file start-v2.txt (compact mmCIF, C-alpha atoms (C1' of nucleotides))
# COMPACT_ATOMS: atom_id res chain seq x y z
CA MET A 21 -25.35 20.56 -15.41
CA GLY A 22 -27.80 20.08 -12.60
CA VAL A 23 -29.17 16.93 -14.16
CA THR A 24 -28.67 13.58 -12.47
CA LYS A 25 -26.48 11.29 -14.59
CA SER A 26 -28.57 8.14 -14.19
CA GLU A 27 -26.72 6.40 -17.00
CA ILE A 28 -23.48 6.07 -15.05
CA PHE A 29 -25.13 4.17 -12.21
CA THR A 30 -26.38 0.60 -12.03
CA ASP A 31 -30.08 -0.20 -12.34
CA ALA A 32 -30.11 -1.25 -8.71
CA GLN A 33 -28.61 2.05 -7.59
CA ASN A 34 -31.10 4.06 -9.62
CA GLU A 35 -33.98 1.95 -8.31
CA ILE A 36 -32.97 2.42 -4.69
CA ALA A 37 -32.68 6.18 -5.25
CA THR A 38 -36.06 6.34 -6.96
CA LEU A 39 -37.77 4.41 -4.18
CA ALA A 40 -36.04 6.40 -1.45
CA LYS A 41 -37.42 9.60 -2.96
CA ALA A 42 -40.87 8.45 -1.86
CA PHE A 43 -39.78 8.91 1.75
CA ALA A 44 -37.57 11.93 1.16
CA HIS A 45 -40.36 14.39 1.91
CA PRO A 46 -42.20 14.59 5.23
CA ALA A 47 -45.55 15.15 3.51
CA ARG A 48 -45.26 11.80 1.76
CA VAL A 49 -44.12 10.13 4.97
CA ALA A 50 -47.18 11.64 6.68
CA ILE A 51 -49.49 10.46 3.90
CA LEU A 52 -48.15 6.92 4.05
CA HIS A 53 -48.36 6.89 7.82
CA GLN A 54 -51.96 8.00 7.60
CA LEU A 55 -52.79 5.32 5.03
CA PHE A 56 -51.37 2.69 7.38
CA LYS A 57 -53.13 3.79 10.51
CA SER A 58 -56.39 5.18 9.22
CA GLU A 59 -59.70 3.44 8.75
CA THR A 60 -60.58 5.63 5.82
CA CYS A 61 -58.10 6.71 3.20
CA ILE A 62 -60.09 9.29 1.29
CA CYS A 63 -58.02 11.98 -0.35
CA GLY A 64 -60.05 14.74 1.32
CA ASP A 65 -59.36 13.29 4.75
CA LEU A 66 -55.65 13.41 4.06
CA VAL A 67 -55.96 17.08 3.13
CA ASP A 68 -57.72 17.77 6.45
CA GLU A 69 -55.34 15.62 8.47
CA ILE A 70 -52.11 17.01 7.00
CA GLY A 71 -52.06 20.80 6.76
CA LEU A 72 -51.30 21.26 3.08
CA ALA A 73 -53.42 22.52 0.20
CA GLN A 74 -55.52 20.04 -1.75
CA ALA A 75 -53.44 20.55 -4.88
CA THR A 76 -50.25 19.80 -3.00
CA ILE A 77 -51.56 16.60 -1.42
CA SER A 78 -52.88 15.49 -4.79
CA GLN A 79 -49.45 15.99 -6.29
CA HIS A 80 -47.73 13.94 -3.59
CA LEU A 81 -50.35 11.21 -4.01
CA LYS A 82 -49.61 11.15 -7.71
CA GLU A 83 -45.91 10.62 -7.09
CA LEU A 84 -46.58 7.78 -4.67
CA LYS A 85 -48.97 6.26 -7.17
CA ASN A 86 -46.44 6.57 -9.98
CA LEU A 87 -43.96 4.65 -7.85
CA GLY A 88 -46.65 2.02 -7.36
CA LEU A 89 -46.51 2.26 -3.57
CA ILE A 90 -50.16 3.23 -3.31
CA LYS A 91 -53.26 2.69 -5.38
CA GLY A 92 -56.46 4.67 -5.64
CA ASN A 93 -60.01 3.43 -5.99
CA ILE A 94 -62.65 5.80 -7.26
CA GLU A 95 -65.74 5.74 -5.05
CA GLY A 96 -68.30 8.11 -6.43
CA THR A 97 -66.82 11.60 -6.33
CA SER A 98 -64.09 10.72 -3.88
CA VAL A 99 -61.00 8.54 -4.20
CA CYS A 100 -59.91 5.97 -1.67
CA TYR A 101 -56.15 5.59 -1.46
CA CYS A 102 -54.43 2.55 -0.01
CA ILE A 103 -51.00 1.03 0.36
CA ASN A 104 -50.14 -1.37 -2.46
CA GLN A 105 -48.90 -4.17 -0.28
CA ASP A 106 -47.15 -6.13 -3.03
CA LYS A 107 -45.09 -3.16 -4.10
CA TRP A 108 -44.52 -2.15 -0.49
CA GLN A 109 -43.00 -5.55 0.27
CA GLU A 110 -40.87 -5.38 -2.84
CA MET A 111 -39.58 -1.94 -1.84
CA LYS A 112 -38.95 -3.10 1.70
CA GLN A 113 -36.87 -6.03 0.51
CA LEU A 114 -34.76 -3.93 -1.81
CA LEU A 115 -34.04 -1.24 0.77
CA THR A 116 -33.47 -3.52 3.74
CA ALA A 117 -31.07 -5.58 1.64
CA PHE A 118 -29.16 -2.38 1.07
CA PHE A 119 -29.25 -1.49 4.77
CA ASP A 120 -28.13 -4.98 5.76
CA GLN A 121 -24.94 -4.95 3.72
CA ASP A 122 -22.05 -5.92 5.90
CA ILE A 123 -18.82 -4.10 5.91
CA LYS A 124 -15.77 -5.77 4.40
CA SER A 125 -13.17 -3.65 6.11
CA ASN A 126 -13.58 -0.85 8.55
CA CYS A 127 -10.51 1.31 8.19
CA CYS A 128 -11.58 4.27 10.30
CA MET B 226 -43.77 28.77 -1.81
CA GLY B 227 -41.50 25.98 -2.85
CA VAL B 228 -40.23 25.60 0.72
CA THR B 229 -40.97 22.44 2.67
CA LYS B 230 -43.20 23.15 5.67
CA SER B 231 -41.27 21.06 8.20
CA GLU B 232 -43.12 22.67 11.11
CA ILE B 233 -46.42 20.98 10.30
CA PHE B 234 -44.95 17.48 10.48
CA THR B 235 -43.84 15.43 13.46
CA ASP B 236 -40.18 15.11 14.39
CA ALA B 237 -40.29 11.45 13.40
CA GLN B 238 -41.70 12.29 9.97
CA ASN B 239 -39.05 14.95 9.38
CA GLU B 240 -36.30 12.63 10.56
CA ILE B 241 -37.37 9.83 8.25
CA ALA B 242 -37.48 12.26 5.32
CA THR B 243 -34.05 13.66 6.17
CA LEU B 244 -32.50 10.20 6.40
CA ALA B 245 -34.22 8.98 3.25
CA LYS B 246 -32.65 11.86 1.34
CA ALA B 247 -29.30 10.17 1.86
CA PHE B 248 -30.45 7.38 -0.47
CA ALA B 249 -32.50 9.55 -2.79
CA HIS B 250 -29.65 10.07 -5.23
CA PRO B 251 -27.87 7.26 -7.07
CA ALA B 252 -24.47 8.87 -6.57
CA ARG B 253 -24.86 8.64 -2.80
CA VAL B 254 -26.14 5.08 -3.10
CA ALA B 255 -23.06 4.28 -5.19
CA ILE B 256 -20.73 5.95 -2.69
CA LEU B 257 -22.22 4.02 0.23
CA HIS B 258 -22.12 0.78 -1.72
CA GLN B 259 -18.47 1.38 -2.47
CA LEU B 260 -17.68 2.15 1.18
CA PHE B 261 -19.27 -1.14 2.16
CA LYS B 262 -17.56 -3.34 -0.36
CA SER B 263 -14.22 -1.66 -0.82
CA GLU B 264 -10.99 -2.31 0.97
CA THR B 265 -9.93 1.29 0.66
CA CYS B 266 -12.26 4.22 1.06
CA ILE B 267 -10.11 7.10 -0.10
CA CYS B 268 -12.06 9.99 -1.59
CA GLY B 269 -9.98 9.92 -4.76
CA ASP B 270 -10.77 6.25 -5.33
CA LEU B 271 -14.48 7.07 -5.15
CA VAL B 272 -13.99 9.76 -7.78
CA ASP B 273 -12.27 7.21 -10.06
CA GLU B 274 -14.79 4.47 -9.33
CA ILE B 275 -17.90 6.59 -9.84
CA GLY B 276 -17.80 8.78 -12.93
CA LEU B 277 -18.45 12.20 -11.41
CA ALA B 278 -16.19 15.21 -10.92
CA GLN B 279 -14.17 15.48 -7.73
CA ALA B 280 -16.15 18.51 -6.59
CA THR B 281 -19.41 16.64 -7.03
CA ILE B 282 -18.29 13.59 -5.09
CA SER B 283 -16.93 15.82 -2.37
CA GLN B 284 -20.30 17.52 -2.09
CA HIS B 285 -22.17 14.21 -1.80
CA LEU B 286 -19.67 13.04 0.81
CA LYS B 287 -20.30 16.20 2.78
CA GLU B 288 -24.04 15.53 2.82
CA LEU B 289 -23.55 11.97 4.00
CA LYS B 290 -21.16 13.23 6.65
CA ASN B 291 -23.62 15.90 7.78
CA LEU B 292 -26.21 13.18 8.26
CA GLY B 293 -23.66 11.28 10.32
CA LEU B 294 -23.86 8.18 8.13
CA ILE B 295 -20.18 8.30 7.25
CA LYS B 296 -17.06 9.67 8.87
CA GLY B 297 -13.77 10.80 7.37
CA ASN B 298 -10.25 10.31 8.67
CA ILE B 299 -7.48 12.48 7.32
CA GLU B 300 -4.46 10.41 6.29
CA GLY B 301 -1.75 12.64 4.99
CA THR B 302 -3.09 14.45 1.95
CA SER B 303 -5.95 12.06 1.40
CA VAL B 304 -9.10 11.37 3.38
CA CYS B 305 -10.36 7.92 4.25
CA TYR B 306 -14.14 7.71 4.42
CA CYS B 307 -16.03 4.96 6.22
CA ILE B 308 -19.53 4.00 7.23
CA ASN B 309 -20.42 5.20 10.73
CA GLN B 310 -21.84 1.94 11.96
CA ASP B 311 -23.59 3.35 15.03
CA LYS B 312 -25.51 5.89 13.01
CA TRP B 313 -26.12 3.37 10.25
CA GLN B 314 -27.79 1.01 12.71
CA GLU B 315 -29.84 3.85 14.13
CA MET B 316 -31.00 4.84 10.66
CA LYS B 317 -31.77 1.24 9.78
CA GLN B 318 -33.94 0.82 12.86
CA LEU B 319 -35.90 3.99 12.21
CA LEU B 320 -36.57 3.21 8.56
CA THR B 321 -37.31 -0.48 8.95
CA ALA B 322 -39.76 0.35 11.74
CA PHE B 323 -41.51 2.58 9.24
CA PHE B 324 -41.46 -0.11 6.57
CA ASP B 325 -42.75 -2.72 9.01
CA GLN B 326 -45.89 -0.85 9.95
CA ASP B 327 -48.87 -3.07 9.56
CA ILE B 328 -52.01 -2.02 7.92
CA LYS B 329 -55.09 -1.44 10.06
CA SER B 330 -57.67 -1.70 7.32
CA ASN B 331 -57.19 -2.36 3.67
CA CYS B 332 -60.16 -0.81 1.97
CA CYS B 333 -59.03 -1.11 -1.62
C1' DT C 917 -80.46 20.69 -16.08
C1' DT C 918 -78.35 23.00 -12.38
C1' DT C 919 -75.80 22.90 -8.24
C1' DG C 920 -72.64 21.08 -4.99
C1' DT C 921 -68.76 17.98 -3.86
C1' DT C 922 -64.46 15.99 -4.63
C1' DT C 923 -60.13 15.27 -6.96
C1' DA C 924 -56.83 16.20 -10.87
C1' DT C 925 -54.46 19.39 -13.58
C1' DT C 926 -52.44 23.76 -15.04
C1' DG C 927 -49.57 27.62 -14.45
C1' DC C 928 -46.59 29.96 -11.88
C1' DA C 929 -43.26 31.45 -8.14
C1' DA C 930 -39.87 30.16 -4.98
C1' DT C 931 -36.59 27.14 -3.03
C1' DA C 932 -33.55 23.00 -3.33
C1' DT C 933 -30.54 19.99 -5.61
C1' DT C 934 -27.12 18.57 -8.86
C1' DA C 935 -22.94 19.25 -11.41
C1' DC C 936 -18.55 21.10 -12.38
C1' DG C 937 -14.63 24.48 -13.36
C1' DA C 938 -11.69 27.20 -10.77
C1' DT C 939 -9.61 28.14 -6.70
C1' DT C 940 -7.98 27.37 -2.09
C1' DA C 941 -5.91 24.80 1.71
C1' DA C 942 -3.16 21.35 3.55
C1' DT C 943 0.24 18.09 3.41
C1' DA C 944 4.00 15.27 1.05
C1' DA C 945 7.91 14.95 -1.80
C1' DT C 946 11.88 16.91 -3.98
C1' DA D 502 11.50 26.76 -0.64
C1' DT D 503 9.23 24.76 -4.56
C1' DT D 504 6.38 21.55 -6.60
C1' DA D 505 2.97 17.89 -6.68
C1' DT D 506 -1.01 15.67 -4.78
C1' DT D 507 -5.37 15.49 -2.65
C1' DA D 508 -9.66 17.18 -0.97
C1' DA D 509 -12.73 21.15 0.32
C1' DT D 510 -14.92 25.25 -0.98
C1' DC D 511 -16.70 28.94 -4.01
C1' DG D 512 -19.29 30.53 -7.74
C1' DT D 513 -22.30 29.64 -11.20
C1' DA D 514 -25.60 27.34 -14.33
C1' DA D 515 -29.13 24.19 -14.98
C1' DT D 516 -32.66 21.11 -13.53
C1' DA D 517 -35.87 19.38 -9.94
C1' DT D 518 -38.97 19.91 -6.27
C1' DT D 519 -42.38 22.12 -3.48
C1' DG D 520 -46.52 24.75 -2.83
C1' DC D 521 -50.75 26.84 -4.00
C1' DA D 522 -54.47 29.57 -6.48
C1' DA D 523 -57.30 28.87 -10.18
C1' DT D 524 -59.44 25.97 -13.13
C1' DA D 525 -61.16 21.73 -15.06
C1' DA D 526 -63.26 17.22 -14.81
C1' DA D 527 -66.26 13.84 -13.01
C1' DC D 528 -69.91 12.50 -10.56
C1' DA D 529 -73.97 12.96 -7.14
C1' DA D 530 -77.99 15.26 -5.63
C1' DA D 531 -81.65 18.43 -6.18

call {"tool": "encode", "arguments": {"input": "start-v2.txt", "output": "structure tokens"}}
result
Amino acid sequence: MGVTKSEIFTDAQNEIATLAKAFAHPARVAILHQLFKSETCICGDLVDEIGLAQATISQHLKELKNLGLIKGNIEGTSVCYCINQDKWQEMKQLLTAFFDQDIKSNCC
Amino acid sequence: MGVTKSEIFTDAQNEIATLAKAFAHPARVAILHQLFKSETCICGDLVDEIGLAQATISQHLKELKNLGLIKGNIEGTSVCYCINQDKWQEMKQLLTAFFDQDIKSNCC
DNA sequence: TTTGTTTATTGCAATATTACGATTAATAAT
DNA sequence: ATTATTAATCGTAATATTGCAATAAACAAA
């Protein structure tokens, strides 16, 4: 018990859930927002900008990177993080398609 | 520790995270998909359709209802669940606006 | 080489989520 | 009234997530 039964769902359903998890925590939303609006996207700047410990930000960055939504370039001792635009578009398509479903019958 | 620090994020960031949680589990994705495509939206049918226990489905339905994304109408002994289209549109707008952000500078 | 800077990882504690059996509540059917 | 049906809730167990201090790793600067 307590473990998600991925095997009983379709691939599409699991994929949507996995992608949605990226946005299911305000710290990750804040990180992504920062990456969109900011000139620089150095990890350390994100730590300063958002008020969480360095280890915590690093962990959230790792999750976003694992999903492929961001990528990191090493620049000397620091790492520059950016949105992975290809993957971002792919995610956007999948989720907006889900949001744009139209109702077959509205019984209530 | 282990508790999300909602107070350090903006209302918009918290709202996006809260809404995204609706889709962050495949069972809820499956439930919503079923509500969109199905003629009937009786709780019991969802239990049959998706392979989870009645208590589990009921719990997921409660979460979706708390978010306002679905509503339930009592019909005799059964309950008919449906998408709340107003809230669905509102959610869609908020999330697609986030997805449609355009990048200021792409440094990597 | 030694020191400083920056990020990743480890280890741990606490909270949150997921799942389900058992029970309860509410209505329908007999 | 009794029984059956349906859904919500309670209690509990297990896994997942969040957060951070401490440490490690990797590189730059002196």

call {"tool": "atom_distance", "arguments": {"input": "start-v2.txt", "atom1": "CA of Phe323 (chain B)", "atom2": "CA of Thr38 (chain A)"}}
result
17.5 Å

call {"tool": "interface_residues", "arguments": {"input": "start-v2.txt", "of": "chain B", "to": "chain A", "cutoff": "8 Å", "atoms": "all atoms listed in the file", "output": "JSON, numbers by chain"}}
result
{"B": [231, 233, 234, 238, 239, 241, 242, 243, 244, 245, 246, 248, 249, 250, 251, 252, 254, 255, 260, 261, 262, 263, 264, 265, 266, 275, 276, 296, 297, 298, 305, 306, 307, 308, 313, 317, 321, 324, 326, 327, 328, 329, 330, 331, 332, 333]}

call {"tool": "atom_distance", "arguments": {"input": "start-v2.txt", "atom1": "CA of Val228 (chain B)", "atom2": "CA of Gln74 (chain A)"}}
result
16.5 Å

call {"tool": "interface_residues", "arguments": {"input": "start-v2.txt", "of": "chain B", "to": "chain D", "cutoff": "8 Å", "atoms": "all atoms listed in the file", "output": "PyMOL selection string"}}
result
chain B and resi 226-229+268-269+283+302-304

call {"tool": "residues_near_point", "arguments": {"input": "start-v2.txt", "point": "(-22.5, 15.1, -3.6)", "cutoff": "9 Å", "atoms": "only C-alpha atoms (C1' of nucleotides)", "output": "list of chain:residue names"}}
result
B:His250, B:Ala252, B:Arg253, B:Ala280, B:Thr281, B:Ile282, B:Ser283, B:Gln284, B:His285, B:Leu286, B:Lys287, B:Glu288, B:Leu289, C:DT934, C:DA935

call {"tool": "closest_atom_pairs", "arguments": {"input": "start-v2.txt", "of": "chain C", "to": "chain A", "cutoff": "10 Å", "atoms": "all atoms listed in the file", "output": "CSV"}}
result
residue,atom,partner,partner_atom,distance
C:DT921,C1',A:Thr97,CA,7.1
C:DT922,C1',A:Thr97,CA,5.3
C:DT923,C1',A:Ser98,CA,6.8
C:DA924,C1',A:Ser78,CA,7.3
C:DT925,C1',A:Ala75,CA,8.8
C:DT933,C1',A:Gly22,CA,7.5
C:DT934,C1',A:Gly22,CA,4.1
C:DA935,C1',A:Met21,CA,4.9
C:DC936,C1',A:Met21,CA,7.5

call {"tool": "calpha_fit_and_write", "arguments": {"input": "start-v2.txt", "fixed": "chain B", "moving": "chain A", "output": "PDB file with C-alpha atoms, keeping the file's coordinate frame"}}
result
ATOM      1  CA  MET A  21     -43.923  28.722  -1.820  1.00  0.00           C
ATOM      2  CA  GLY A  22     -41.568  25.968  -2.818  1.00  0.00           C
ATOM      3  CA  VAL A  23     -40.294  25.602   0.715  1.00  0.00           C
ATOM      4  CA  THR A  24     -40.979  22.441   2.682  1.00  0.00           C
ATOM      5  CA  LYS A  25     -43.210  23.156   5.689  1.00  0.00           C
ATOM      6  CA  SER A  26     -41.267  21.086   8.217  1.00  0.00           C
ATOM      7  CA  GLU A  27     -43.117  22.661  11.123  1.00  0.00           C
ATOM      8  CA  ILE A  28     -46.417  20.967  10.314  1.00  0.00           C
ATOM      9  CA  PHE A  29     -44.922  17.485  10.494  1.00  0.00           C
ATOM     10  CA  THR A  30     -43.830  15.421  13.476  1.00  0.00           C
ATOM     11  CA  ASP A  31     -40.160  15.108  14.405  1.00  0.00           C
ATOM     12  CA  ALA A  32     -40.267  11.464  13.411  1.00  0.00           C
ATOM     13  CA  GLN A  33     -41.653  12.288   9.977  1.00  0.00           C
ATOM     14  CA  ASN A  34     -39.029  14.956   9.377  1.00  0.00           C
ATOM     15  CA  GLU A  35     -36.276  12.616  10.562  1.00  0.00           C
ATOM     16  CA  ILE A  36     -37.356   9.815   8.252  1.00  0.00           C
ATOM     17  CA  ALA A  37     -37.472  12.260   5.328  1.00  0.00           C
ATOM     18  CA  THR A  38     -34.046  13.654   6.161  1.00  0.00           C
ATOM     19  CA  LEU A  39     -32.490  10.204   6.399  1.00  0.00           C
ATOM     20  CA  ALA A  40     -34.203   8.984   3.239  1.00  0.00           C
ATOM     21  CA  LYS A  41     -32.650  11.875   1.327  1.00  0.00           C
ATOM     22  CA  ALA A  42     -29.281  10.188   1.815  1.00  0.00           C
ATOM     23  CA  PHE A  43     -30.442   7.394  -0.483  1.00  0.00           C
ATOM     24  CA  ALA A  44     -32.506   9.564  -2.804  1.00  0.00           C
ATOM     25  CA  HIS A  45     -29.633  10.080  -5.229  1.00  0.00           C
ATOM     26  CA  PRO A  46     -27.871   7.271  -7.086  1.00  0.00           C
ATOM     27  CA  ALA A  47     -24.458   8.883  -6.591  1.00  0.00           C
ATOM     28  CA  ARG A  48     -24.846   8.648  -2.828  1.00  0.00           C
ATOM     29  CA  VAL A  49     -26.137   5.091  -3.101  1.00  0.00           C
ATOM     30  CA  ALA A  50     -23.060   4.282  -5.209  1.00  0.00           C
ATOM     31  CA  ILE A  51     -20.732   5.940  -2.701  1.00  0.00           C
ATOM     32  CA  LEU A  52     -22.225   4.031   0.211  1.00  0.00           C
ATOM     33  CA  HIS A  53     -22.112   0.790  -1.722  1.00  0.00           C
ATOM     34  CA  GLN A  54     -18.464   1.397  -2.472  1.00  0.00           C
ATOM     35  CA  LEU A  55     -17.684   2.161   1.173  1.00  0.00           C
ATOM     36  CA  PHE A  56     -19.273  -1.149   2.160  1.00  0.00           C
ATOM     37  CA  LYS A  57     -17.548  -3.325  -0.368  1.00  0.00           C
ATOM     38  CA  SER A  58     -14.200  -1.645  -0.807  1.00  0.00           C
ATOM     39  CA  GLU A  59     -10.956  -2.293   1.000  1.00  0.00           C
ATOM     40  CA  THR A  60      -9.910   1.306   0.677  1.00  0.00           C
ATOM     41  CA  CYS A  61     -12.275   4.212   1.063  1.00  0.00           C
ATOM     42  CA  ILE A  62     -10.129   7.095  -0.098  1.00  0.00           C
ATOM     43  CA  CYS A  63     -12.040   9.983  -1.587  1.00  0.00           C
ATOM     44  CA  GLY A  64      -9.938   9.903  -4.765  1.00  0.00           C
ATOM     45  CA  ASP A  65     -10.775   6.253  -5.330  1.00  0.00           C
ATOM     46  CA  LEU A  66     -14.458   7.067  -5.159  1.00  0.00           C
ATOM     47  CA  VAL A  67     -13.969   9.754  -7.799  1.00  0.00           C
ATOM     48  CA  ASP A  68     -12.266   7.202 -10.076  1.00  0.00           C
ATOM     49  CA  GLU A  69     -14.786   4.466  -9.349  1.00  0.00           C
ATOM     50  CA  ILE A  70     -17.915   6.584  -9.844  1.00  0.00           C
ATOM     51  CA  GLY A  71     -17.798   8.760 -12.954  1.00  0.00           C
ATOM     52  CA  LEU A  72     -18.444  12.173 -11.448  1.00  0.00           C
ATOM     53  CA  ALA A  73     -16.200  15.192 -10.974  1.00  0.00           C
ATOM     54  CA  GLN A  74     -14.159  15.475  -7.793  1.00  0.00           C
ATOM     55  CA  ALA A  75     -16.135  18.502  -6.646  1.00  0.00           C
ATOM     56  CA  THR A  76     -19.401  16.648  -7.059  1.00  0.00           C
ATOM     57  CA  ILE A  77     -18.269  13.579  -5.121  1.00  0.00           C
ATOM     58  CA  SER A  78     -16.912  15.820  -2.388  1.00  0.00           C
ATOM     59  CA  GLN A  79     -20.279  17.510  -2.113  1.00  0.00           C
ATOM     60  CA  HIS A  80     -22.152  14.217  -1.810  1.00  0.00           C
ATOM     61  CA  LEU A  81     -19.641  13.042   0.799  1.00  0.00           C
ATOM     62  CA  LYS A  82     -20.289  16.200   2.760  1.00  0.00           C
ATOM     63  CA  GLU A  83     -24.022  15.558   2.804  1.00  0.00           C
ATOM     64  CA  LEU A  84     -23.535  11.988   3.983  1.00  0.00           C
ATOM     65  CA  LYS A  85     -21.150  13.226   6.637  1.00  0.00           C
ATOM     66  CA  ASN A  86     -23.592  15.896   7.778  1.00  0.00           C
ATOM     67  CA  LEU A  87     -26.205  13.189   8.249  1.00  0.00           C
ATOM     68  CA  GLY A  88     -23.642  11.287  10.300  1.00  0.00           C
ATOM     69  CA  LEU A  89     -23.868   8.184   8.118  1.00  0.00           C
ATOM     70  CA  ILE A  90     -20.188   8.306   7.240  1.00  0.00           C
ATOM     71  CA  LYS A  91     -17.062   9.656   8.850  1.00  0.00           C
ATOM     72  CA  GLY A  92     -13.775  10.766   7.370  1.00  0.00           C
ATOM     73  CA  ASN A  93     -10.273  10.265   8.693  1.00  0.00           C
ATOM     74  CA  ILE A  94      -7.504  12.465   7.393  1.00  0.00           C
ATOM     75  CA  GLU A  95      -4.476  10.413   6.364  1.00  0.00           C
ATOM     76  CA  GLY A  96      -1.783  12.710   5.120  1.00  0.00           C
ATOM     77  CA  THR A  97      -3.116  14.503   2.056  1.00  0.00           C
ATOM     78  CA  SER A  98      -5.942  12.074   1.467  1.00  0.00           C
ATOM     79  CA  VAL A  99      -9.113  11.350   3.423  1.00  0.00           C
ATOM     80  CA  CYS A 100     -10.375   7.903   4.273  1.00  0.00           C
ATOM     81  CA  TYR A 101     -14.152   7.691   4.401  1.00  0.00           C
ATOM     82  CA  CYS A 102     -16.036   4.950   6.200  1.00  0.00           C
ATOM     83  CA  ILE A 103     -19.535   3.995   7.225  1.00  0.00           C
ATOM     84  CA  ASN A 104     -20.425   5.191  10.722  1.00  0.00           C
ATOM     85  CA  GLN A 105     -21.838   1.930  11.947  1.00  0.00           C
ATOM     86  CA  ASP A 106     -23.599   3.335  15.011  1.00  0.00           C
ATOM     87  CA  LYS A 107     -25.503   5.882  12.987  1.00  0.00           C
ATOM     88  CA  TRP A 108     -26.121   3.351  10.231  1.00  0.00           C
ATOM     89  CA  GLN A 109     -27.803   1.002  12.702  1.00  0.00           C
ATOM     90  CA  GLU A 110     -29.845   3.838  14.127  1.00  0.00           C
ATOM     91  CA  MET A 111     -31.012   4.828  10.641  1.00  0.00           C
ATOM     92  CA  LYS A 112     -31.780   1.233   9.772  1.00  0.00           C
ATOM     93  CA  GLN A 113     -33.952   0.817  12.844  1.00  0.00           C
ATOM     94  CA  LEU A 114     -35.912   3.980  12.212  1.00  0.00           C
ATOM     95  CA  LEU A 115     -36.582   3.208   8.556  1.00  0.00           C
ATOM     96  CA  THR A 116     -37.323  -0.486   8.941  1.00  0.00           C
ATOM     97  CA  ALA A 117     -39.755   0.340  11.738  1.00  0.00           C
ATOM     98  CA  PHE A 118     -41.512   2.573   9.260  1.00  0.00           C
ATOM     99  CA  PHE A 119     -41.478  -0.125   6.575  1.00  0.00           C
ATOM    100  CA  ASP A 120     -42.770  -2.735   9.012  1.00  0.00           C
ATOM    101  CA  GLN A 121     -45.903  -0.839   9.975  1.00  0.00           C
ATOM    102  CA  ASP A 122     -48.886  -3.076   9.600  1.00  0.00           C
ATOM    103  CA  ILE A 123     -52.035  -1.998   7.967  1.00  0.00           C
ATOM    104  CA  LYS A 124     -55.114  -1.443  10.108  1.00  0.00           C
ATOM    105  CA  SER A 125     -57.664  -1.687   7.348  1.00  0.00           C
ATOM    106  CA  ASN A 126     -57.197  -2.332   3.698  1.00  0.00           C
ATOM    107  CA  CYS A 127     -60.162  -0.768   1.971  1.00  0.00           C
ATOM    108  CA  CYS A 128     -59.021  -1.077  -1.629  1.00  0.00           C
TER     109      CYS A 128
END

call {"tool": "atom_distance", "arguments": {"input": "start-v2.txt", "atom1": "CA of Leu319 (chain B)", "atom2": "CA of Leu292 (chain B)"}}
result
13.9 Å

call {"tool": "decode", "arguments": {"input": "start-v2.txt", "residues": "chain D", "atoms": "C-alpha atoms (C1' of nucleotides)", "output": "tab-separated table (two decimals), in the first residue's frame"}}
result
chain	number	residue	atom	x	y	z
D	502	DA	C1'	-38.98	-2.96	9.31
D	503	DT	C1'	-35.41	-5.44	6.94
D	504	DT	C1'	-32.22	-5.94	3.45
D	505	DA	C1'	-29.43	-4.42	-0.41
D	506	DT	C1'	-26.85	-0.91	-2.75
D	507	DT	C1'	-23.88	2.91	-3.06
D	508	DA	C1'	-20.62	6.24	-1.54
D	509	DA	C1'	-18.09	8.63	2.31
D	510	DT	C1'	-15.23	8.30	6.18
D	511	DC	C1'	-12.02	6.25	9.57
D	512	DG	C1'	-7.96	3.98	10.77
D	513	DT	C1'	-3.82	2.20	9.49
D	514	DA	C1'	0.31	0.89	6.80
D	515	DA	C1'	3.50	1.94	3.41
D	516	DT	C1'	5.79	4.86	0.22
D	517	DA	C1'	6.98	9.54	-1.48
D	518	DT	C1'	8.22	14.18	-0.92
D	519	DT	C1'	10.25	18.11	1.24
D	520	DG	C1'	13.90	20.43	3.66
D	521	DC	C1'	18.38	21.16	5.41
D	522	DA	C1'	23.01	20.48	7.75
D	523	DA	C1'	27.09	18.40	6.66
D	524	DT	C1'	30.06	16.76	3.46
D	525	DA	C1'	32.09	15.90	-0.99
D	526	DA	C1'	33.50	17.16	-5.59
D	527	DA	C1'	35.15	20.19	-9.03
D	528	DC	C1'	37.26	24.02	-10.44
D	529	DA	C1'	39.46	28.85	-10.02
D	530	DA	C1'	42.60	31.90	-7.88
D	531	DA	C1'	46.38	32.91	-4.98
